[in-house]
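For reference, my_file-v9.cif (mmCIF, C-alpha atoms (C1' of nucleotides)):
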```
data_upload
#
loop_
_atom_site.label_atom_id
_atom_site.label_comp_id
_atom_site.auth_asym_id
_atom_site.auth_seq_id
_atom_site.Cartn_x
_atom_site.Cartn_y
_atom_site.Cartn_z
CA MET A 233 -20.97 -32.69 9.61
CA SER A 234 -22.54 -36.08 9.12
CA ASN A 235 -21.08 -37.60 12.19
CA PRO A 236 -19.01 -36.35 15.06
CA VAL A 237 -16.13 -38.73 15.44
CA ASP A 238 -16.98 -40.89 12.54
CA SER A 239 -15.06 -43.98 11.74
CA PRO A 240 -12.08 -43.01 13.80
CA GLY A 241 -9.17 -44.44 12.02
CA SER A 242 -11.18 -47.15 10.41
CA PRO A 243 -9.40 -47.73 7.15
CA GLU A 244 -12.09 -50.05 5.93
CA ASP A 245 -13.90 -47.32 4.13
CA PHE A 246 -11.42 -44.91 2.68
CA ALA A 247 -12.45 -41.40 3.23
CA GLY A 248 -13.50 -40.48 -0.24
CA ALA A 249 -11.85 -37.53 -1.87
CA ASP A 250 -15.21 -35.85 -1.62
CA ASP A 251 -15.22 -36.15 2.11
CA VAL A 252 -11.76 -34.74 2.32
CA ASP A 253 -12.72 -31.86 0.10
CA ALA A 254 -15.82 -31.13 2.06
CA ALA A 255 -13.89 -31.23 5.30
CA LEU A 256 -11.19 -28.98 3.93
CA GLN A 257 -13.80 -26.55 2.75
CA SER A 258 -15.37 -26.50 6.15
CA VAL A 259 -12.09 -25.87 7.82
CA GLU A 260 -11.19 -23.16 5.40
CA GLN A 261 -14.55 -21.53 5.76
CA GLN A 262 -14.53 -21.52 9.49
CA LEU A 263 -10.95 -20.43 9.74
CA SER A 264 -11.52 -17.57 7.40
CA LEU A 265 -14.54 -16.47 9.33
CA PHE A 266 -12.71 -16.82 12.56
CA TRP A 267 -9.72 -14.95 11.31
CA ARG A 268 -11.78 -12.03 10.28
CA ARG A 269 -13.72 -11.80 13.46
CA ALA A 270 -10.75 -12.39 15.64
CA ARG A 271 -9.37 -9.00 14.87
CA SER A 272 -12.16 -6.99 16.33
CA VAL A 273 -12.66 -9.40 19.17
CA SER A 274 -9.04 -9.47 20.13
CA GLN A 275 -8.85 -5.75 19.91
CA GLN A 276 -11.80 -4.95 22.03
CA LEU A 277 -10.78 -7.67 24.42
CA SER A 278 -7.33 -6.22 24.87
CA ARG A 279 -8.68 -2.77 25.34
CA GLN A 280 -11.13 -3.84 27.89
CA VAL A 281 -8.59 -5.93 29.70
CA HIS A 282 -5.91 -3.36 29.72
CA PRO A 283 -5.94 -0.15 27.73
CA ASP A 284 -2.25 0.19 27.05
CA MET A 285 -1.69 -3.43 26.26
CA GLU A 286 -1.84 -3.79 22.53
CA PRO A 287 -3.00 -7.20 21.39
CA ALA A 288 0.13 -7.87 19.39
CA ALA A 289 2.38 -6.80 22.21
CA TYR A 290 0.65 -9.14 24.55
CA GLY A 291 1.47 -12.06 22.30
CA LEU A 292 5.12 -11.18 22.35
CA LEU A 293 5.14 -10.86 26.09
CA THR A 294 3.64 -14.27 26.60
CA ILE A 295 6.35 -15.76 24.48
CA ILE A 296 9.15 -13.96 26.22
CA ARG A 297 7.68 -14.97 29.46
CA ARG A 298 7.34 -18.57 28.50
CA GLU A 299 10.63 -18.99 26.72
CA GLY A 300 12.74 -16.68 28.80
CA PRO A 301 15.04 -13.95 27.51
CA MET A 302 15.65 -14.17 23.84
CA ARG A 303 16.91 -12.20 20.89
CA LEU A 304 14.66 -10.19 18.70
CA THR A 305 15.28 -12.28 15.62
CA ASP A 306 14.38 -15.45 17.43
CA LEU A 307 11.27 -13.83 18.74
CA ALA A 308 10.30 -12.78 15.28
CA SER A 309 10.87 -16.15 13.75
CA CYS A 310 9.09 -17.77 16.63
CA VAL A 311 5.99 -15.71 16.16
CA GLY A 312 6.23 -15.87 12.43
CA VAL A 313 6.48 -12.23 11.46
CA GLY A 314 9.28 -10.07 10.22
CA LYS A 315 11.89 -8.41 12.34
CA PRO A 316 10.68 -4.88 11.69
CA SER A 317 7.30 -5.51 13.24
CA VAL A 318 8.80 -7.08 16.28
CA SER A 319 11.38 -4.40 16.57
CA ARG A 320 8.78 -1.69 16.72
CA GLN A 321 6.59 -3.59 19.11
CA ILE A 322 9.51 -4.25 21.36
CA ALA A 323 10.47 -0.61 21.26
CA PHE A 324 6.99 0.24 22.39
CA LEU A 325 7.04 -2.28 25.17
CA GLU A 326 10.35 -0.95 26.33
CA SER A 327 9.04 2.58 26.29
CA ILE A 328 6.31 1.65 28.70
CA GLY A 329 8.74 -0.21 30.87
CA LEU A 330 7.51 -3.76 30.53
CA ILE A 331 10.67 -5.14 29.02
CA PHE A 332 14.26 -4.13 28.68
CA LYS A 333 16.92 -4.96 26.21
CA GLU A 334 20.15 -6.20 27.61
CA ALA A 335 23.20 -6.17 25.43
CA ASP A 336 24.62 -9.57 24.92
CA PRO A 337 28.10 -9.51 26.45
CA VAL A 338 29.35 -12.05 23.97
CA ASP A 339 27.84 -10.67 20.82
CA GLY A 340 27.70 -6.93 20.72
CA ARG A 341 25.09 -6.89 18.03
CA ALA A 342 22.66 -9.09 19.83
CA GLN A 343 20.45 -8.15 22.70
CA SER A 344 18.50 -10.32 24.97
CA ILE A 345 14.99 -9.14 25.57
CA ARG A 346 13.53 -9.81 28.95
CA LEU A 347 10.64 -8.83 31.12
CA THR A 348 11.09 -6.21 33.76
CA PRO A 349 9.59 -6.92 37.16
CA ARG A 350 6.86 -4.56 36.23
CA GLY A 351 6.35 -6.53 33.06
CA GLU A 352 6.05 -9.73 35.02
CA GLU A 353 3.55 -8.15 37.28
CA LYS A 354 1.45 -6.75 34.50
CA MET A 355 1.51 -10.06 32.74
CA HIS A 356 0.01 -11.65 35.77
CA GLN A 357 -2.78 -9.14 35.87
CA VAL A 358 -3.52 -9.28 32.21
CA GLN A 359 -3.32 -13.01 32.02
CA ASP A 360 -5.73 -13.35 34.87
CA ALA A 361 -8.13 -10.95 33.27
CA ARG A 362 -7.89 -12.62 29.92
CA ASN A 363 -8.32 -15.98 31.44
CA GLN A 364 -11.50 -14.78 32.97
CA VAL A 365 -12.83 -13.55 29.69
CA PHE A 366 -11.90 -16.78 28.01
CA ARG A 367 -13.53 -18.64 30.78
CA GLU A 368 -16.72 -16.75 30.23
CA ARG A 369 -16.68 -17.67 26.59
CA LEU A 370 -15.29 -21.14 26.64
CA GLY A 371 -15.84 -22.18 30.20
CA GLU A 372 -18.71 -24.43 29.27
CA TRP A 373 -16.65 -26.45 26.89
CA PRO A 374 -15.58 -29.80 28.19
CA VAL A 375 -11.93 -29.72 29.06
CA SER A 376 -11.20 -32.50 26.68
CA GLU A 377 -12.56 -30.48 23.81
CA LEU A 378 -10.50 -27.51 24.80
CA GLN A 379 -7.44 -29.65 24.85
CA THR A 380 -8.24 -31.15 21.52
CA LEU A 381 -8.87 -27.75 20.03
CA ALA A 382 -5.56 -26.50 21.35
CA ARG A 383 -3.81 -29.52 19.93
CA TYR A 384 -5.35 -29.13 16.54
CA ILE A 385 -4.51 -25.51 16.25
CA ALA A 386 -1.02 -26.23 17.39
CA LYS A 387 -0.84 -28.78 14.63
CA LEU A 388 -2.12 -26.19 12.24
CA ASN A 389 0.58 -23.86 13.38
CA THR A 390 3.33 -26.35 12.84
CA THR A 391 1.92 -26.96 9.41
CA TYR A 392 2.42 -23.32 8.74
CA GLU A 393 5.93 -23.51 10.03
CA ARG A 394 6.96 -25.91 7.34
CA ASP A 395 7.42 -23.48 4.55
CA GLY A 396 8.92 -20.20 5.31
CA PHE A 397 7.63 -17.01 6.62
CA PRO A 398 8.69 -13.64 5.41
CA LYS A 399 11.03 -13.08 8.35
CA ASP A 400 13.38 -11.28 6.00
CA GLU A 401 15.93 -13.99 6.08
CA SER A 402 16.47 -12.90 2.53
CA LYS A 403 19.81 -11.26 3.00
CA ARG A 404 19.27 -8.38 0.73
CA ASP A 405 21.54 -6.34 2.82
CA HIS A 406 25.07 -5.45 1.83
CA VAL A 407 23.76 -3.89 -1.32
CA GLN A 408 24.72 -0.42 -0.30
CA MET B 281 -7.95 -15.82 42.48
CA SER B 282 -11.34 -15.42 40.99
CA ASN B 283 -11.83 -19.10 40.66
CA PRO B 284 -14.77 -20.45 42.55
CA VAL B 285 -13.22 -23.88 42.84
CA ASP B 286 -9.49 -23.73 43.00
CA SER B 287 -8.73 -26.96 44.68
CA PRO B 288 -5.68 -28.40 43.06
CA GLY B 289 -5.94 -31.66 44.87
CA SER B 290 -8.95 -33.34 43.33
CA PRO B 291 -8.29 -34.11 39.73
CA GLU B 292 -10.11 -37.40 39.71
CA ASP B 293 -13.70 -36.97 38.76
CA PHE B 294 -13.89 -33.28 38.11
CA ALA B 295 -11.63 -31.53 35.79
CA GLY B 296 -9.88 -29.29 38.23
CA ALA B 297 -9.99 -25.58 37.71
CA ASP B 298 -6.31 -25.88 37.03
CA ASP B 299 -6.92 -28.13 34.11
CA VAL B 300 -9.46 -25.78 32.70
CA ASP B 301 -7.10 -22.89 33.11
CA ALA B 302 -4.29 -24.75 31.49
CA ALA B 303 -6.50 -25.75 28.61
CA LEU B 304 -7.76 -22.23 28.18
CA GLN B 305 -4.23 -20.94 28.19
CA SER B 306 -3.27 -23.42 25.54
CA VAL B 307 -6.17 -22.46 23.38
CA GLU B 308 -5.46 -18.80 23.79
CA GLN B 309 -1.81 -19.28 23.04
CA GLN B 310 -2.36 -21.29 19.94
CA LEU B 311 -5.11 -19.08 18.67
CA SER B 312 -3.05 -16.01 19.13
CA LEU B 313 -0.12 -17.58 17.35
CA PHE B 314 -2.36 -18.80 14.60
CA TRP B 315 -3.99 -15.47 14.18
CA ARG B 316 -0.72 -13.73 13.76
CA ARG B 317 0.66 -16.15 11.29
CA ALA B 318 -2.53 -16.45 9.39
CA ARG B 319 -2.16 -12.95 8.09
CA SER B 320 0.99 -13.50 6.18
CA VAL B 321 0.01 -16.95 5.10
CA SER B 322 -3.38 -15.92 3.87
CA GLN B 323 -1.90 -12.99 2.09
CA GLN B 324 0.75 -14.82 0.24
CA LEU B 325 -1.69 -17.57 -0.48
CA SER B 326 -4.18 -15.22 -2.03
CA ARG B 327 -1.51 -13.52 -4.03
CA GLN B 328 -0.23 -16.72 -5.37
CA VAL B 329 -3.68 -17.95 -6.17
CA HIS B 330 -4.75 -14.81 -7.86
CA PRO B 331 -2.96 -11.51 -7.73
CA ASP B 332 -5.96 -9.24 -7.64
CA MET B 333 -7.94 -11.38 -5.27
CA GLU B 334 -7.43 -9.86 -1.85
CA PRO B 335 -7.86 -12.31 0.96
CA ALA B 336 -10.68 -10.39 2.53
CA ALA B 337 -12.50 -10.09 -0.72
CA TYR B 338 -12.35 -13.79 -1.22
CA GLY B 339 -14.15 -14.34 2.04
CA LEU B 340 -16.96 -12.09 0.96
CA LEU B 341 -17.29 -13.84 -2.33
CA THR B 342 -17.60 -17.23 -0.74
CA ILE B 343 -20.41 -15.96 1.39
CA ILE B 344 -22.24 -14.33 -1.45
CA ARG B 345 -21.81 -17.45 -3.42
CA ARG B 346 -23.06 -19.66 -0.67
CA GLU B 347 -25.94 -17.53 0.51
CA GLY B 348 -26.98 -16.03 -2.76
CA PRO B 349 -27.58 -12.36 -3.46
CA MET B 350 -27.77 -10.27 -0.35
CA ARG B 351 -27.58 -6.74 0.89
CA LEU B 352 -24.41 -5.13 2.05
CA THR B 353 -25.55 -4.75 5.62
CA ASP B 354 -26.43 -8.42 5.88
CA LEU B 355 -23.11 -9.33 4.43
CA ALA B 356 -21.34 -7.17 6.93
CA SER B 357 -23.18 -8.54 9.90
CA CYS B 358 -22.73 -12.03 8.57
CA VAL B 359 -19.01 -11.69 8.36
CA GLY B 360 -18.79 -9.72 11.53
CA VAL B 361 -17.24 -6.48 10.40
CA GLY B 362 -18.58 -3.00 9.92
CA LYS B 363 -20.39 -1.75 6.88
CA PRO B 364 -17.65 0.61 5.78
CA SER B 365 -15.15 -2.17 5.33
CA VAL B 366 -17.54 -4.26 3.36
CA SER B 367 -18.62 -1.31 1.31
CA ARG B 368 -15.08 -0.66 0.19
CA GLN B 369 -14.35 -4.27 -0.49
CA ILE B 370 -17.49 -4.59 -2.49
CA ALA B 371 -16.64 -1.50 -4.44
CA PHE B 372 -13.33 -3.05 -5.28
CA LEU B 373 -14.89 -6.32 -6.32
CA GLU B 374 -17.31 -4.49 -8.50
CA SER B 375 -14.52 -2.52 -10.08
CA ILE B 376 -12.86 -5.72 -11.21
CA GLY B 377 -16.13 -7.08 -12.44
CA LEU B 378 -16.65 -10.00 -10.12
CA ILE B 379 -19.88 -8.77 -8.63
CA PHE B 380 -22.51 -6.24 -9.40
CA LYS B 381 -24.94 -4.31 -7.31
CA GLU B 382 -28.51 -4.44 -8.30
CA ALA B 383 -30.88 -1.87 -6.95
CA ASP B 384 -33.65 -3.38 -4.94
CA PRO B 385 -36.88 -2.51 -6.75
CA VAL B 386 -38.81 -2.48 -3.51
CA ASP B 387 -36.42 -0.57 -1.34
CA GLY B 388 -34.60 2.19 -3.08
CA ARG B 389 -31.90 2.33 -0.47
CA ALA B 390 -31.03 -1.29 -0.60
CA GLN B 391 -29.08 -3.15 -3.22
CA SER B 392 -28.63 -6.78 -3.71
CA ILE B 393 -25.10 -7.86 -4.31
CA ARG B 394 -24.54 -10.79 -6.58
CA LEU B 395 -21.83 -12.55 -8.48
CA THR B 396 -21.34 -11.86 -12.12
CA PRO B 397 -20.78 -14.85 -14.37
CA ARG B 398 -17.15 -13.91 -14.39
CA GLY B 399 -17.23 -13.87 -10.63
CA GLU B 400 -18.67 -17.34 -10.57
CA GLU B 401 -16.04 -18.54 -12.90
CA LYS B 402 -13.20 -17.00 -10.98
CA MET B 403 -14.55 -18.41 -7.77
CA HIS B 404 -14.34 -21.84 -9.24
CA GLN B 405 -10.75 -21.34 -10.21
CA VAL B 406 -9.73 -19.80 -6.95
CA GLN B 407 -11.56 -22.30 -4.86
CA ASP B 408 -9.94 -25.13 -6.72
CA ALA B 409 -6.54 -23.60 -6.27
CA ARG B 410 -7.09 -22.92 -2.61
CA ASN B 411 -8.40 -26.38 -2.08
CA GLN B 412 -5.24 -27.71 -3.53
CA VAL B 413 -3.10 -25.64 -1.23
CA PHE B 414 -5.14 -26.69 1.73
CA ARG B 415 -4.86 -30.24 0.64
CA GLU B 416 -1.12 -29.95 0.53
CA ARG B 417 -1.07 -28.63 4.04
CA LEU B 418 -3.82 -30.58 5.66
CA GLY B 419 -4.23 -33.48 3.34
CA GLU B 420 -2.50 -35.84 5.71
CA TRP B 421 -4.87 -35.16 8.50
CA PRO B 422 -7.45 -37.82 9.12
CA VAL B 423 -10.78 -36.66 7.86
CA SER B 424 -12.31 -37.08 11.24
CA GLU B 425 -9.86 -34.63 12.70
CA LEU B 426 -10.55 -32.14 9.99
CA GLN B 427 -14.23 -32.40 10.69
CA THR B 428 -13.70 -32.04 14.38
CA LEU B 429 -11.49 -29.04 13.86
CA ALA B 430 -14.08 -27.44 11.64
CA ARG B 431 -16.75 -28.10 14.20
CA TYR B 432 -14.74 -26.63 17.00
CA ILE B 433 -13.89 -23.50 15.17
CA ALA B 434 -17.48 -23.13 14.15
CA LYS B 435 -18.36 -23.41 17.79
CA LEU B 436 -15.79 -20.80 18.55
CA ASN B 437 -17.35 -18.56 15.97
CA THR B 438 -20.81 -18.90 17.39
CA THR B 439 -19.35 -18.09 20.75
CA TYR B 440 -18.11 -14.88 19.31
CA GLU B 441 -21.47 -14.20 17.82
CA ARG B 442 -23.12 -14.02 21.17
CA ASP B 443 -22.08 -10.55 22.08
CA GLY B 444 -22.12 -7.99 19.43
CA PHE B 445 -19.70 -6.92 16.85
CA PRO B 446 -18.96 -3.37 15.97
CA LYS B 447 -21.13 -3.50 12.84
CA ASP B 448 -22.08 0.09 13.59
CA GLU B 449 -25.52 -0.87 14.67
CA SER B 450 -25.00 1.91 17.14
CA LYS B 451 -27.30 4.38 15.53
CA ARG B 452 -25.13 7.37 15.90
CA ASP B 453 -26.61 8.77 12.79
CA HIS B 454 -29.44 11.21 12.90
CA VAL B 455 -27.21 13.63 14.73
CA GLN B 456 -27.31 16.11 11.95
"C1'" DC C 268 42.72 -4.09 6.99
"C1'" DA C 269 38.84 -4.84 3.80
"C1'" DA C 270 34.96 -7.40 2.69
"C1'" DC C 271 31.23 -9.82 4.21
"C1'" DT C 272 27.59 -11.55 7.33
"C1'" DG C 273 24.12 -11.16 10.70
"C1'" DG C 274 21.34 -8.50 14.33
"C1'" DG C 275 18.32 -4.47 14.78
"C1'" DT C 276 16.34 -0.11 13.31
"C1'" DT C 277 13.91 3.19 10.45
"C1'" DG C 278 11.27 4.95 6.27
"C1'" DC C 279 7.80 4.09 3.36
"C1'" DT C 280 3.70 1.68 1.87
"C1'" DC C 281 -0.19 -1.45 2.01
"C1'" DA C 282 -4.24 -3.95 3.74
"C1'" DT C 283 -7.82 -3.89 6.77
"C1'" DG C 284 -11.07 -2.03 9.66
"C1'" DG C 285 -13.01 1.17 13.02
"C1'" DC C 286 -15.74 5.65 13.99
"C1'" DA C 287 -18.04 9.92 12.30
"C1'" DA C 288 -20.42 12.10 9.30
"C1'" DC C 289 -22.96 12.14 5.39
"C1'" DA C 290 -26.84 11.38 1.28
"C1'" DA C 291 -30.65 9.16 -0.11
"C1'" DT C 292 -34.49 6.69 0.81
"C1'" DT C 293 -38.29 4.68 3.49
"C1'" DC C 294 -41.19 4.57 7.50
"C1'" DT C 295 -44.09 6.67 11.04
"C1'" DA C 296 -46.47 9.87 13.45
"C1'" DG C 297 -49.31 13.92 13.75
"C1'" DC D 296 -49.53 15.06 3.66
"C1'" DT D 297 -45.49 16.46 5.75
"C1'" DA D 298 -41.80 16.56 9.40
"C1'" DG D 299 -38.89 13.76 12.00
"C1'" DA D 300 -36.93 9.06 12.86
"C1'" DA D 301 -34.71 5.13 11.09
"C1'" DT D 302 -32.15 2.55 7.65
"C1'" DT D 303 -28.90 1.71 3.58
"C1'" DG D 304 -24.87 2.54 1.83
"C1'" DT D 305 -20.77 5.78 1.04
"C1'" DT D 306 -16.77 8.56 2.18
"C1'" DG D 307 -13.12 10.87 5.17
"C1'" DC D 308 -9.91 10.22 8.49
"C1'" DC D 309 -7.22 7.43 11.50
"C1'" DA D 310 -5.15 3.26 13.89
"C1'" DT D 311 -3.07 -1.18 13.79
"C1'" DG D 312 -0.11 -4.41 12.04
"C1'" DA D 313 2.85 -5.99 8.74
"C1'" DG D 314 6.17 -6.14 4.55
"C1'" DC D 315 10.23 -4.55 1.83
"C1'" DA D 316 14.30 -1.82 1.34
"C1'" DA D 317 17.74 0.40 2.97
"C1'" DC D 318 20.49 1.34 6.40
"C1'" DC D 319 23.89 1.14 10.92
"C1'" DC D 320 26.82 -1.40 13.81
"C1'" DA D 321 29.32 -5.28 15.61
"C1'" DG D 322 31.67 -9.53 14.60
"C1'" DT D 323 34.06 -12.72 11.31
"C1'" DT D 324 37.01 -14.11 7.79
"C1'" DG D 325 40.30 -13.80 4.03
#
```

Please lay out the structure from this file as structure tokens.
Amino acid sequence: MSNPVDSPGSPEDFAGADDVDAALQSVEQQLSLFWRRARSVSQQLSRQVHPDMEPAAYGLLTIIRREGPMRLTDLASCVGVGKPSVSRQIAFLESIGLIFKEADPVDGRAQSIRLTPRGEEKMHQVQDARNQVFRERLGEWPVSELQTLARYIAKLNTTYERDGFPKDESKRDHVQ
Amino acid sequence: MSNPVDSPGSPEDFAGADDVDAALQSVEQQLSLFWRRARSVSQQLSRQVHPDMEPAAYGLLTIIRREGPMRLTDLASCVGVGKPSVSRQIAFLESIGLIFKEADPVDGRAQSIRLTPRGEEKMHQVQDARNQVFRERLGEWPVSELQTLARYIAKLNTTYERDGFPKDESKRDHVQ
DNA sequence: CAACTGGGTTGCTCATGGCAACAATTCTAG
DNA sequence: CTAGAATTGTTGCCATGAGCAACCCAGTTG
């Protein structure tokens, strides 16, 4: 608040605990605000971009697309939610023909989830459209800031990765 | 396709449209990931901090605390969600005695929402606890980065503010 | 083979928030 | 002064997204 890039890495004046606290508060505040608003924004954005493309589903598709075919569990752990959610979302995406589940020939239980051609195609459309919207909102930002922002949030995400997610790794099966 | 300048060959002086696109993609990706993870994290965090302090409620309290007593509608528009949500959350917070609604003497419809002493007290506790958690996660970040992050997200938030929220300003009352 | 483990699915519930429709109040013509 | 318009907040109903538990099925291991 006091100063944009203040004393970058200058260890001469230790950042006082107060500064850290204030900064943390700011981050928390802004994140919380963002988080809350993001829901409605992301929803209306998805709707407007493509009616039958649920926001959550879109996220999954981008990952599958980026990482290639993968198993449901990996997908879940990658996105940081439980298997059930992903399972249902994937079922939906399959029902509208954007992905298909291919049985793993080696492991009969597993299935590799991959985009259908139609899924690929739709992803192109949607990504273009979304990009446009983002460009409208963030286009004026200097690229360097965008990059920095992306980096920071990525860092934030890895921070979250450290300690576990739900992702029902809890093995409470076999109870019968 | 819809890019005015899509020349991939001149990345010297201008940030090419490709760079912008890439940066936007990154931001989108990371935000979407963050958003999804944030839910579970924020939930378990709130639980752990205080069982009956719902994450959403906490956000409202911080605002009330920061801005002072305010009306429900203002609160809603400030946080960017509709009145109904806030109304319910406020009802909950009142039921557990953290806030109270005081009828506005001037305007019989309005009510000013304010923290009870117990609310103040609890906010202190919770904020301390949350700060500690945040410190564990982000404490290693240089302060300057924290500040930058906060600034960027704030910027993001103002971007969102530009075009409206639901906040049922739509005047579909009076239909009777 | 039986027991166990691990991948996915389904049932139920919860948290959150949207839209509609409302009640109560205030404001604004006429 | 009174009828209609607007505003404040509430409630009903529904959608989304996610969690936990319990399950099914396919491998794995003793």

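The part of chain C that reaches within 12 Å of chain B is made up of DC281, DA282, DT283, DG284, DG285, DC286, DA287, DA288, DC289, DA290, DA291, DT292, DT293 and DC294 of chain C, counting only C-alpha atoms (C1' of nucleotides).
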
Just need the residues of chain B within 7 Å of chain A, counting all atoms listed in the file, so spit them out as a PyMOL selection string.
chain B and resi 295+300+303-304+306-307+310-315+317+339+359-360+414+417+423-424+426-430+432-434+437+439

Please check the contacts: residues of chain D at most 12 Å away from chain A, using all atoms listed in the file, listed as number ranges by chain.
D: 310-323

Please compute the atom CA of B:Leu395-atom CA of B:Ser367 distance, one decimal, in Å.
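Distance reported for this atom pair: 15.2 Å.
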
Pair the Cα atoms of chain B and chain A in order, fit the first onto the second, and let me know the RMSD in Å.
4.9 Å

Surrounding residues of D:DG325 excluding itself and chain neighbours under 3 positions, 10 Å, only C-alpha atoms (C1' of nucleotides), as a list in words
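Once the adjacent positions are removed, what remains is DA269, DA270 and DC271 of chain C.
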
Record the distance separating atom CA of B:Thr353 and atom CA of B:Phe372, expressed in Å with one decimal.
16.5 Å

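Note that atom CA of B:Pro349 and atom CA of B:Arg394 are 4.6 Å apart.
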
Return as a PDB file with C-alpha atoms, in the coordinates of the input the set of residues that the PyMOL selection byres ((chain B and resi 329) around 9) yields on the displayed structure.
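The resulting file, selection.pdb, is reproduced below:
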```
ATOM      1  CA  GLN B 324       0.750 -14.820   0.240  1.00  0.00           C
ATOM      2  CA  LEU B 325      -1.690 -17.570  -0.480  1.00  0.00           C
ATOM      3  CA  SER B 326      -4.180 -15.220  -2.030  1.00  0.00           C
ATOM      4  CA  ARG B 327      -1.510 -13.520  -4.030  1.00  0.00           C
ATOM      5  CA  GLN B 328      -0.230 -16.720  -5.370  1.00  0.00           C
ATOM      6  CA  HIS B 330      -4.750 -14.810  -7.860  1.00  0.00           C
ATOM      7  CA  PRO B 331      -2.960 -11.510  -7.730  1.00  0.00           C
ATOM      8  CA  MET B 333      -7.940 -11.380  -5.270  1.00  0.00           C
ATOM      9  CA  GLN B 405     -10.750 -21.340 -10.210  1.00  0.00           C
ATOM     10  CA  VAL B 406      -9.730 -19.800  -6.950  1.00  0.00           C
ATOM     11  CA  ALA B 409      -6.540 -23.600  -6.270  1.00  0.00           C
ATOM     12  CA  ARG B 410      -7.090 -22.920  -2.610  1.00  0.00           C
TER      13      ARG B 410
END
```

Mind telling me what the PyMOL selection byres ((chain A and resi 303) around 8) catches here, as number ranges by chain?
A: 301-302, 304-307, 342-345

Written selection (C-alpha atoms) as a PDB file, in the frame of the given file:
```
ATOM      1  CA  PRO A 301      15.040 -13.950  27.510  1.00  0.00           C
ATOM      2  CA  MET A 302      15.650 -14.170  23.840  1.00  0.00           C
ATOM      3  CA  LEU A 304      14.660 -10.190  18.700  1.00  0.00           C
ATOM      4  CA  THR A 305      15.280 -12.280  15.620  1.00  0.00           C
ATOM      5  CA  ASP A 306      14.380 -15.450  17.430  1.00  0.00           C
ATOM      6  CA  LEU A 307      11.270 -13.830  18.740  1.00  0.00           C
ATOM      7  CA  ALA A 342      22.660  -9.090  19.830  1.00  0.00           C
ATOM      8  CA  GLN A 343      20.450  -8.150  22.700  1.00  0.00           C
ATOM      9  CA  SER A 344      18.500 -10.320  24.970  1.00  0.00           C
ATOM     10  CA  ILE A 345      14.990  -9.140  25.570  1.00  0.00           C
TER      11      ILE A 345
END
```

Might you pull out every residue within 10 Å of C:DT295, with only C-alpha atoms (C1' of nucleotides) counted and same-chain residues fewer than 6 positions away left off, and present them as a list in words?
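Here the qualifying residues turn out to be DG299, DA300 and DA301 of chain D.
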
Would you give the centre and edge lengths, in Å to one decimal, of a box along x, y and z around the listed atoms of stretch 267-279 of chain A, with 3 Å added to each side, as lines of an AutoDock Vina configuration file?
```
center_x = -10.5
center_y = -8.9
center_z = 17.8
size_x = 12.4
size_y = 18.2
size_z = 21.1
```
